[in-house]
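Engineer: Sharing query26.cif (mmCIF, C-alpha atoms) below.
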data_coords
#
loop_
_atom_site.label_atom_id
_atom_site.label_comp_id
_atom_site.auth_asym_id
_atom_site.auth_seq_id
_atom_site.Cartn_x
_atom_site.Cartn_y
_atom_site.Cartn_z
CA MET B 1 11.35 2.03 -19.31
CA SER B 2 13.69 0.89 -16.56
CA TRP B 3 14.10 1.39 -12.83
CA SER B 4 16.03 4.38 -11.43
CA GLN B 5 17.29 4.33 -7.86
CA LEU B 6 16.22 7.04 -5.41
CA ASP B 7 18.15 8.02 -2.31
CA GLY B 8 17.04 6.65 1.04
CA ALA B 9 16.48 3.23 2.57
CA LEU B 10 12.92 2.04 3.18
CA VAL B 11 11.06 -1.19 3.86
CA GLN B 12 7.74 0.13 2.52
CA VAL B 13 6.91 2.77 -0.08
CA LEU B 14 3.55 4.13 -1.32
CA SER B 15 2.63 7.08 -3.51
CA ASN B 16 -0.16 9.15 -4.96
CA ASN B 17 0.35 11.35 -8.02
CA ASP B 18 2.17 14.04 -6.02
CA THR B 19 3.86 12.50 -2.98
CA ILE B 20 5.85 9.43 -1.99
CA VAL B 21 5.63 8.13 1.59
CA GLY B 22 7.52 5.33 3.26
CA VAL B 23 8.74 3.66 6.43
CA ASN B 24 12.30 2.60 7.17
CA ALA B 25 13.53 -0.41 9.14
CA GLU B 26 13.41 1.57 12.40
CA GLY B 27 9.78 2.56 11.79
CA SER B 28 10.52 6.21 10.99
CA ILE B 29 8.05 7.80 8.55
CA PHE B 30 9.17 9.84 5.55
CA ARG B 31 7.61 11.68 2.62
CA ARG B 32 8.89 13.61 -0.39
CA SER B 33 7.58 15.14 -3.58
CA ILE B 34 7.23 12.67 -6.41
CA GLY B 35 9.08 15.23 -8.53
CA GLY B 36 12.20 15.05 -6.34
CA GLY B 37 13.70 16.83 -3.37
CA ASP B 38 14.71 15.69 0.09
CA TRP B 39 12.89 13.22 2.28
CA GLU B 40 10.98 14.89 5.12
CA GLN B 41 10.77 12.88 8.33
CA LEU B 42 7.39 13.04 10.03
CA GLU B 43 6.83 12.60 13.73
CA GLY B 44 5.82 9.22 15.04
CA ASN B 45 6.64 5.64 14.30
CA ALA B 46 4.87 3.15 12.04
CA THR B 47 5.03 -0.30 10.52
CA CYS B 48 2.63 0.60 7.68
CA VAL B 49 1.67 3.91 6.04
CA ASP B 50 -0.38 5.01 3.03
CA ILE B 51 -1.43 8.25 1.37
CA ASP B 52 -4.80 9.09 -0.21
CA ASN B 53 -5.02 11.06 -3.44
CA ASP B 54 -5.87 14.22 -1.43
CA GLY B 55 -2.67 13.83 0.61
CA THR B 56 -4.28 12.38 3.73
CA LEU B 57 -1.96 9.95 5.50
CA TRP B 58 -2.97 6.91 7.53
CA CYS B 59 -0.59 4.67 9.46
CA VAL B 60 -0.41 1.74 11.85
CA ASN B 61 2.23 1.50 14.56
CA GLY B 62 3.91 -1.50 16.15
CA GLU B 63 1.15 -1.85 18.74
CA GLY B 64 -1.50 -1.98 16.01
CA SER B 65 -2.88 1.48 16.80
CA ILE B 66 -4.32 3.39 13.83
CA PHE B 67 -3.59 7.06 13.15
CA ARG B 68 -4.66 9.73 10.65
CA TRP B 69 -2.50 12.73 9.78
CA ASN B 70 -4.10 16.10 10.62
CA GLY B 71 -1.59 18.23 8.76
CA GLY B 72 0.77 18.65 11.68
CA GLY B 73 0.53 15.45 13.69
CA TRP B 74 -1.29 12.17 14.15
CA ASP B 75 -4.82 11.69 15.52
CA GLN B 76 -5.48 8.20 16.84
CA GLN B 77 -8.52 6.45 15.41
CA GLU B 78 -10.46 3.57 16.88
CA GLY B 79 -9.57 0.01 16.06
CA ASN B 80 -6.47 -2.12 15.73
CA ALA B 81 -4.71 -3.20 12.54
CA VAL B 82 -1.54 -4.61 11.02
CA ARG B 83 -2.09 -3.28 7.49
CA ILE B 84 -3.86 -0.17 6.21
CA SER B 85 -4.47 1.28 2.74
CA CYS B 86 -6.42 4.25 1.40
CA GLY B 87 -7.50 5.80 -1.89
CA GLY B 88 -10.41 7.77 -3.32
CA GLY B 89 -11.54 8.68 0.18
CA GLN B 90 -11.81 4.99 1.07
CA VAL B 91 -9.77 3.46 3.90
CA TRP B 92 -9.45 -0.27 4.50
CA CYS B 93 -7.42 -2.22 7.04
CA LEU B 94 -6.53 -5.76 8.11
CA ASN B 95 -6.20 -6.89 11.70
CA GLY B 96 -4.01 -9.58 13.24
CA GLU B 97 -6.69 -12.21 12.56
CA ASN B 98 -6.62 -11.35 8.83
CA GLN B 99 -10.10 -9.85 9.07
CA ILE B 100 -10.94 -7.09 6.57
CA PHE B 101 -12.46 -3.75 7.59
CA GLN B 102 -13.68 -0.65 5.74
CA TRP B 103 -13.77 2.82 7.33
CA ASN B 104 -17.26 4.33 7.51
CA GLY B 105 -16.20 7.82 8.57
CA GLY B 106 -16.23 7.14 12.29
CA GLY B 107 -15.47 3.46 12.73
CA TRP B 108 -14.87 0.19 10.96
CA ASP B 109 -17.31 -2.12 9.15
CA GLN B 110 -16.11 -5.69 8.76
CA GLN B 111 -16.25 -7.10 5.24
CA GLU B 112 -16.29 -10.74 4.24
CA GLY B 113 -13.13 -12.68 3.57
CA ALA B 114 -9.62 -12.80 5.00
CA ALA B 115 -6.38 -11.24 3.78
CA VAL B 116 -2.77 -10.56 4.74
CA GLU B 117 -2.12 -7.70 2.27
CA ILE B 118 -4.40 -4.99 0.87
CA GLY B 119 -4.20 -2.17 -1.68
CA VAL B 120 -6.77 0.57 -2.31
CA GLY B 121 -6.67 2.64 -5.50
CA ASP B 122 -7.42 6.30 -6.19
CA ASP B 123 -10.83 5.22 -7.52
CA GLY B 124 -11.60 3.29 -4.32
CA GLY B 125 -10.91 -0.09 -5.95
CA VAL B 126 -9.61 -2.71 -3.53
CA TRP B 127 -7.30 -5.69 -4.08
CA VAL B 128 -6.15 -8.20 -1.45
CA VAL B 129 -3.86 -11.18 -1.07
CA ASN B 130 -4.83 -13.97 1.32
CA GLY B 131 -2.66 -16.31 3.38
CA GLU B 132 -2.34 -18.77 0.50
CA GLY B 133 -1.14 -16.03 -1.86
CA SER B 134 -4.38 -15.93 -3.85
CA ILE B 135 -5.31 -12.52 -5.28
CA PHE B 136 -8.81 -11.02 -5.11
CA ARG B 137 -10.52 -7.85 -6.34
CA TRP B 138 -13.50 -6.24 -4.58
CA ASN B 139 -16.63 -6.05 -6.75
CA GLY B 140 -18.64 -3.85 -4.38
CA GLY B 141 -20.21 -6.72 -2.48
CA GLY B 142 -17.68 -9.54 -2.46
CA TRP B 143 -14.37 -10.77 -3.80
CA ASP B 144 -13.57 -11.97 -7.33
CA GLN B 145 -10.46 -14.14 -7.51
CA GLN B 146 -7.88 -13.10 -10.08
CA GLU B 147 -5.18 -15.22 -11.65
CA GLY B 148 -1.72 -15.37 -10.14
CA ASN B 149 -0.10 -15.71 -6.73
CA ALA B 150 1.49 -12.95 -4.66
CA ILE B 151 2.71 -11.92 -1.24
CA HIS B 152 1.94 -8.21 -1.75
CA VAL B 153 -0.39 -6.12 -3.93
CA SER B 154 -0.82 -2.39 -4.54
CA CYS B 155 -3.50 -0.56 -6.51
CA GLY B 156 -3.29 2.93 -8.01
CA GLY B 157 -6.78 2.87 -9.49
CA GLY B 158 -8.43 1.05 -12.38
CA ASP B 159 -6.04 -1.43 -13.95
CA ASN B 160 -2.98 0.24 -12.38
CA VAL B 161 -2.13 -2.68 -10.08
CA VAL B 162 1.22 -4.26 -9.21
CA CYS B 163 2.16 -7.26 -7.10
CA CYS B 164 5.24 -9.11 -5.90
CA ASN B 165 5.53 -12.87 -5.47
CA SER B 166 7.61 -14.94 -3.07
CA ASP B 167 10.52 -14.93 -5.54
CA ASN B 168 10.55 -11.09 -5.39
CA GLU B 169 9.37 -10.93 -8.98
CA ILE B 170 7.32 -7.84 -9.92
CA PHE B 171 4.16 -8.04 -12.02
CA ARG B 172 1.86 -5.38 -13.44
CA TRP B 173 -1.82 -6.00 -14.22
CA ASN B 174 -2.75 -5.63 -17.89
CA GLY B 175 -6.51 -5.77 -17.43
CA GLY B 176 -6.78 -9.54 -17.65
CA GLY B 177 -3.51 -10.97 -16.37
CA TRP B 178 -0.02 -10.12 -15.18
CA ASP B 179 2.98 -8.86 -17.14
CA LYS B 180 6.33 -9.56 -15.51
CA GLN B 181 8.45 -6.45 -14.95
CA GLU B 182 12.21 -6.22 -14.79
CA GLY B 183 13.93 -6.10 -11.43
CA ALA B 184 13.22 -7.61 -8.03
CA ALA B 185 11.34 -6.22 -5.05
CA VAL B 186 9.78 -7.23 -1.75
CA ARG B 187 7.11 -4.50 -2.04
CA ALA B 188 5.98 -2.39 -4.99
CA THR B 189 3.41 0.33 -5.52
CA ILE B 190 1.78 2.16 -8.41
CA ASN B 191 -0.13 5.42 -8.55
CA ALA B 192 -3.04 6.52 -10.75
CA ASN B 193 -0.62 7.90 -13.35
CA GLY B 194 1.06 4.50 -13.65
CA THR B 195 4.34 5.50 -11.95
CA MET B 196 5.77 2.56 -10.01
CA HIS B 197 7.97 2.58 -6.92
CA CYS B 198 9.45 -0.41 -5.15
CA VAL B 199 11.80 -1.45 -2.36
CA ASN B 200 14.10 -4.44 -2.68
CA ALA B 201 15.59 -6.82 -0.12
CA GLU B 202 18.44 -4.34 0.50
CA ASN B 203 15.87 -1.60 1.36
CA GLN B 204 16.82 0.35 -1.76
CA VAL B 205 14.09 2.56 -3.25
CA TRP B 206 13.44 2.54 -7.00
CA VAL B 207 11.10 4.34 -9.42
CA MET B 208 9.90 3.53 -12.93
#
Could you spell out this file's structure in structure tokens?
Structural biologist:
Amino acid sequence: MSWSQLDGALVQVLSNNDTIVGVNAEGSIFRRSIGGGDWEQLEGNATCVDIDNDGTLWCVNGEGSIFRWNGGGWDQQEGNAVRISCGGGQVWCLNGENQIFQWNGGGWDQQEGAAVEIGVGDDGGVWVVNGEGSIFRWNGGGWDQQEGNAIHVSCGGGDNVVCCNSDNEIFRWNGGGWDKQEGAAVRATINANGTMHCVNAENQVWVM
């Protein structure tokens, strides 16, 4: 398989099995069907957005405020974050001090460790990257370090995990290590079906 370019220009892209969401360089939020069609701009502004497998959207804006999509607009939630990710009904975020938090339904519980990037899969699995580029996987009570080094990681569930390193190389988890993929990206994502999307340094959007 190889990458095919989609229309649009984004700095971040995420997807579940039905929908792609993303943010452009101006912070505008967009979504479209994974099967095609036009991008739909949503109200609001964000630096980070993600979509759960049931279609629920979460985002963080430039002030660090956290919002959840109610079907027609954004409801602000408590807390402050710079990164947010969701999957399988689980929502996790990172704040400006690299602290890690898990949503408990009404607020945030801090978890051990520190991270600069986080990805939550459709099965609720969580992967993070810390400030040194080390990669970790949540085991339910702590973090197990995995091989490799990355600046970004995304999890679609199970072993559907992708990461990008500082050379913009793309890698896909094979269950015990990383297989290098063709192309170059600054951020990549994978859903539970194994479909990958990425954005490169020119803000182009690609799918495989």
Engineer: Could you list, as a PyMOL selection string, every residue matched by the PyMOL selection byres ((chain B and resi 82) around 12) in this structure?
Structural biologist: chain B and resi 46-49+59-66+79-81+83-85+92-101+115-118
Engineer: Would you mind telling me which residue in B:Asn203, B:Asn17, B:Asn139, B:Asn130 lies nearest to Ile51 of chain B when using only C-alpha atoms?
Structural biologist: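 Smallest distance to Ile51 of chain B is found for B:Asn17.
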Engineer: Residues picked by the PyMOL selection byres ((chain B and resi 205) around 8) here, as a short mmCIF file (atom, residue, chain, number, x, y, z; two decimals) with C-alpha atoms, in the coordinates of the input?
Structural biologist:
data_model
loop_
_atom_site.label_atom_id
_atom_site.label_comp_id
_atom_site.auth_asym_id
_atom_site.auth_seq_id
_atom_site.Cartn_x
_atom_site.Cartn_y
_atom_site.Cartn_z
CA GLN B 5 17.29 4.33 -7.86
CA LEU B 6 16.22 7.04 -5.41
CA ASP B 7 18.15 8.02 -2.31
CA GLY B 8 17.04 6.65 1.04
CA ALA B 9 16.48 3.23 2.57
CA LEU B 10 12.92 2.04 3.18
CA VAL B 13 6.91 2.77 -0.08
CA HIS B 197 7.97 2.58 -6.92
CA CYS B 198 9.45 -0.41 -5.15
CA VAL B 199 11.80 -1.45 -2.36
CA ASN B 200 14.10 -4.44 -2.68
CA ASN B 203 15.87 -1.60 1.36
CA GLN B 204 16.82 0.35 -1.76
CA TRP B 206 13.44 2.54 -7.00
CA VAL B 207 11.10 4.34 -9.42
#
Engineer: Atom CA of Asn165 of chain B and atom CA of Leu14 of chain B are how many Å apart?
Structural biologist: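 Pair atom CA of Asn165 of chain B / atom CA of Leu14 of chain B returns 17.6 Å.
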Engineer: For this file, the PyMOL selection byres ((chain B and resi 122) around 12) selects which residues, as an NGL selection string?
Structural biologist: :B and (15-17 or 50-55 or 85-91 or 119-121 or 123-126 or 154-161 or 190-194)
Engineer: Generate the output file for the selected residues, C-alpha atoms, as an mmCIF file, in the coordinates of the input.
Structural biologist:
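That gives us again.cif:
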data_model
loop_
_atom_site.group_PDB
_atom_site.id
_atom_site.type_symbol
_atom_site.label_atom_id
_atom_site.label_comp_id
_atom_site.auth_asym_id
_atom_site.auth_seq_id
_atom_site.Cartn_x
_atom_site.Cartn_y
_atom_site.Cartn_z
ATOM 1 C CA SER B 15 2.630 7.080 -3.510
ATOM 2 C CA ASN B 16 -0.160 9.150 -4.960
ATOM 3 C CA ASN B 17 0.350 11.350 -8.020
ATOM 4 C CA ASP B 50 -0.380 5.010 3.030
ATOM 5 C CA ILE B 51 -1.430 8.250 1.370
ATOM 6 C CA ASP B 52 -4.800 9.090 -0.210
ATOM 7 C CA ASN B 53 -5.020 11.060 -3.440
ATOM 8 C CA ASP B 54 -5.870 14.220 -1.430
ATOM 9 C CA GLY B 55 -2.670 13.830 0.610
ATOM 10 C CA SER B 85 -4.470 1.280 2.740
ATOM 11 C CA CYS B 86 -6.420 4.250 1.400
ATOM 12 C CA GLY B 87 -7.500 5.800 -1.890
ATOM 13 C CA GLY B 88 -10.410 7.770 -3.320
ATOM 14 C CA GLY B 89 -11.540 8.680 0.180
ATOM 15 C CA GLN B 90 -11.810 4.990 1.070
ATOM 16 C CA VAL B 91 -9.770 3.460 3.900
ATOM 17 C CA GLY B 119 -4.200 -2.170 -1.680
ATOM 18 C CA VAL B 120 -6.770 0.570 -2.310
ATOM 19 C CA GLY B 121 -6.670 2.640 -5.500
ATOM 20 C CA ASP B 123 -10.830 5.220 -7.520
ATOM 21 C CA GLY B 124 -11.600 3.290 -4.320
ATOM 22 C CA GLY B 125 -10.910 -0.090 -5.950
ATOM 23 C CA VAL B 126 -9.610 -2.710 -3.530
ATOM 24 C CA SER B 154 -0.820 -2.390 -4.540
ATOM 25 C CA CYS B 155 -3.500 -0.560 -6.510
ATOM 26 C CA GLY B 156 -3.290 2.930 -8.010
ATOM 27 C CA GLY B 157 -6.780 2.870 -9.490
ATOM 28 C CA GLY B 158 -8.430 1.050 -12.380
ATOM 29 C CA ASP B 159 -6.040 -1.430 -13.950
ATOM 30 C CA ASN B 160 -2.980 0.240 -12.380
ATOM 31 C CA VAL B 161 -2.130 -2.680 -10.080
ATOM 32 C CA ILE B 190 1.780 2.160 -8.410
ATOM 33 C CA ASN B 191 -0.130 5.420 -8.550
ATOM 34 C CA ALA B 192 -3.040 6.520 -10.750
ATOM 35 C CA ASN B 193 -0.620 7.900 -13.350
ATOM 36 C CA GLY B 194 1.060 4.500 -13.650
#
